[in-house]
Amino acid sequence: MIGLSLCKRALTTAGSREAADAVTPERSHVQNEPTVRMTAVRRLYEVSARMGAGRSLAETLQAVVDGVVTGLGFGIAVLNLRQADGKFEVIAVAGSPEAREALLGTISAADIFDAEFAIADKWGGLRFVPHERLPEGGEIVGWVPEIPVPTAADAWHPLDALFAPLHSSDGELVGMLSVDLPEDQRRPGQIHRELLEIFATQAGIAIDKARLTDQLLAEKARLEASETTFRLVFEGAGNGMATIAFDGPEAGRILRVNDAFCHITGYTPGQLIGTTFVDYLRDEETGQTEREIQQLATGRGPYRFERTFRRTDGNDIWLGGTAAIVDQGKDQSRIILIQIDDVTARKDEERELRHHAAHDPLTGLPNRRLLQHRFNAALQRSRQSGRRGVLLFCDLNHFKQVNDKYGHEAGDKALREIADRLLTEVRHGDTVARLGGDEFAILAEDIDGDDLDVLMRRIDESISQPLDGIDVPVTASIGTAIVSPYAADLDELLRTADNAMYEAKRAYRATQT
């Protein structure tokens, strides 16, 4: 089954067993698996070159479906492009004039694939919908090839459906690829699933780039499946690509890089080839590289990764891409084939968004959300060690007069100055948070008695110092709540500290009358 969704065209089981068996012949010869894998990789890069050789988005989309039919072993391919409003439109069809006439230009709702995926098998990034799970009697839309219904258990049924979601380099869904009629007329095996999944990864990136730049690589000629073909496609790829020895005496060393890889990383081929790839990576967590290599070795299909990479200038960039192990055949070591893009800009945006979500926009101090996170960790440590800490609630006296007399811009400047003073007076590891308005909280661990008195005195004296350009005498009222192994939650301690602060404020006001 091919196209948008499930199919409403009726199928019959008419036809003799001989006709069905003709559609699903037994394999008379099974190739050596490493040979099949290497052939598959070569075919992949042949169709990848054609996919990237168009000069417009339309040519790229047609190259994707043509590549599936001519190079990946499927008889029909349909590409649904995701529009700006989330709907899907069939833009390109290959392999069947009837399917093209029935489907081309069809526009469907954004949730068109939800029903299929709810009953689908997950094949890595692919989604396979076996015909036996389709609802009976449902009004469904699509197109079905007119072939006899097979009887073999692993045969491809005309109502089977296989989908490959297409994503851009930053993970955005850009389209949906539907394929039908595998060349051996059986449900695809592991190698061809991996081949289609890797191709879908490259297709999503190619579509995204074509949509943004409307410029594609100029090479359109069909290349032969050979080492020369592999080299030409490898060197001409728009993405950074490299091969790395997976095992053998050169394990971990870079064997080959293309121009795009050098452009992204800042190194020349002579600087990279023969060096150990992981030496350029920085682990975000202890043992990260070892775990990822193990996942790559034990997993199936391409492995997606995002890692920091050290450039020649000493700066780190973020690389995003895929890695797959390729078996080159008998008596040859396996290699890791990786493709990369520079995703530093996106990672910087994500980091900035995370910072804004956890910090006060005026002072840059942690906000209530981050204070809650650090309080939870402090409480856990207190329960493990038995040591106590303190939560201080700090409210500014006379600050309203600052806003009234000098305006809110001057008031905001004063709050930033006070925030800087608080950061200067607390200990390393203490948290100063702004709760809102002129209210601040300070979380300090492993402190009590005289040390706590000294900390509170420093804070009080610091805030009481004159503010730049302001003659209003701003002071602080501070309340405390003990963080002990028996403490409840942050809300309760804030209420306790708030009440203590009001007692301090009343005492302060009494001294002013």
# chains A, B, ... in the order shown; residues from 1 in each chain; ligands from 1

$ select_by_dssp --residues "region 59-237 of chain A" --states "strand (DSSP E or B)" --output "PyMOL selection string"
chain A and resi 74-82+88-94+107-108+121-123+126-129+143+155+161-167+173-182+186

$ residues_around --residues "Ala487 (chain A)" --least-positions-apart "3" --cutoff "10 Å" --atoms "only C-alpha atoms" --output "JSON list (two decimals) with C-alpha atoms, in the first residue's frame"
[["chain", "number", "residue", "atom", "x", "y", "z"],
["A", 379, "LEU", "CA", 17.75, 18.59, 51.21],
["A", 382, "SER", "CA", 21.30, 17.06, 54.36],
["A", 383, "ARG", "CA", 19.43, 13.78, 54.83],
["A", 388, "ARG", "CA", 21.94, 21.52, 58.58],
["A", 481, "ALA", "CA", 14.33, 28.85, 58.18],
["A", 482, "ILE", "CA", 16.48, 25.83, 58.98],
["A", 483, "VAL", "CA", 17.17, 23.25, 56.26],
["A", 484, "SER", "CA", 17.49, 20.02, 58.22],
["A", 490, "LEU", "CA", 10.56, 24.61, 49.86],
["A", 492, "GLU", "CA", 6.91, 25.53, 53.86],
["A", 493, "LEU", "CA", 10.44, 26.82, 54.54]]

$ closest_residue --among "A:Gly449, A:Pro473, A:Pro485, A:Gly320" --to "Ala378 (chain A)" --atoms "only C-alpha atoms"
A:Pro485

$ closest_residue --among "A:Gly95, A:Pro249, A:Gly436, A:Gly274" --to "Gln62 (chain A)" --atoms "only C-alpha atoms"
A:Gly95

$ atom_distance --atom1 "CA of Phe163 (chain A)" --atom2 "CA of Met176 (chain A)"
6.8 Å
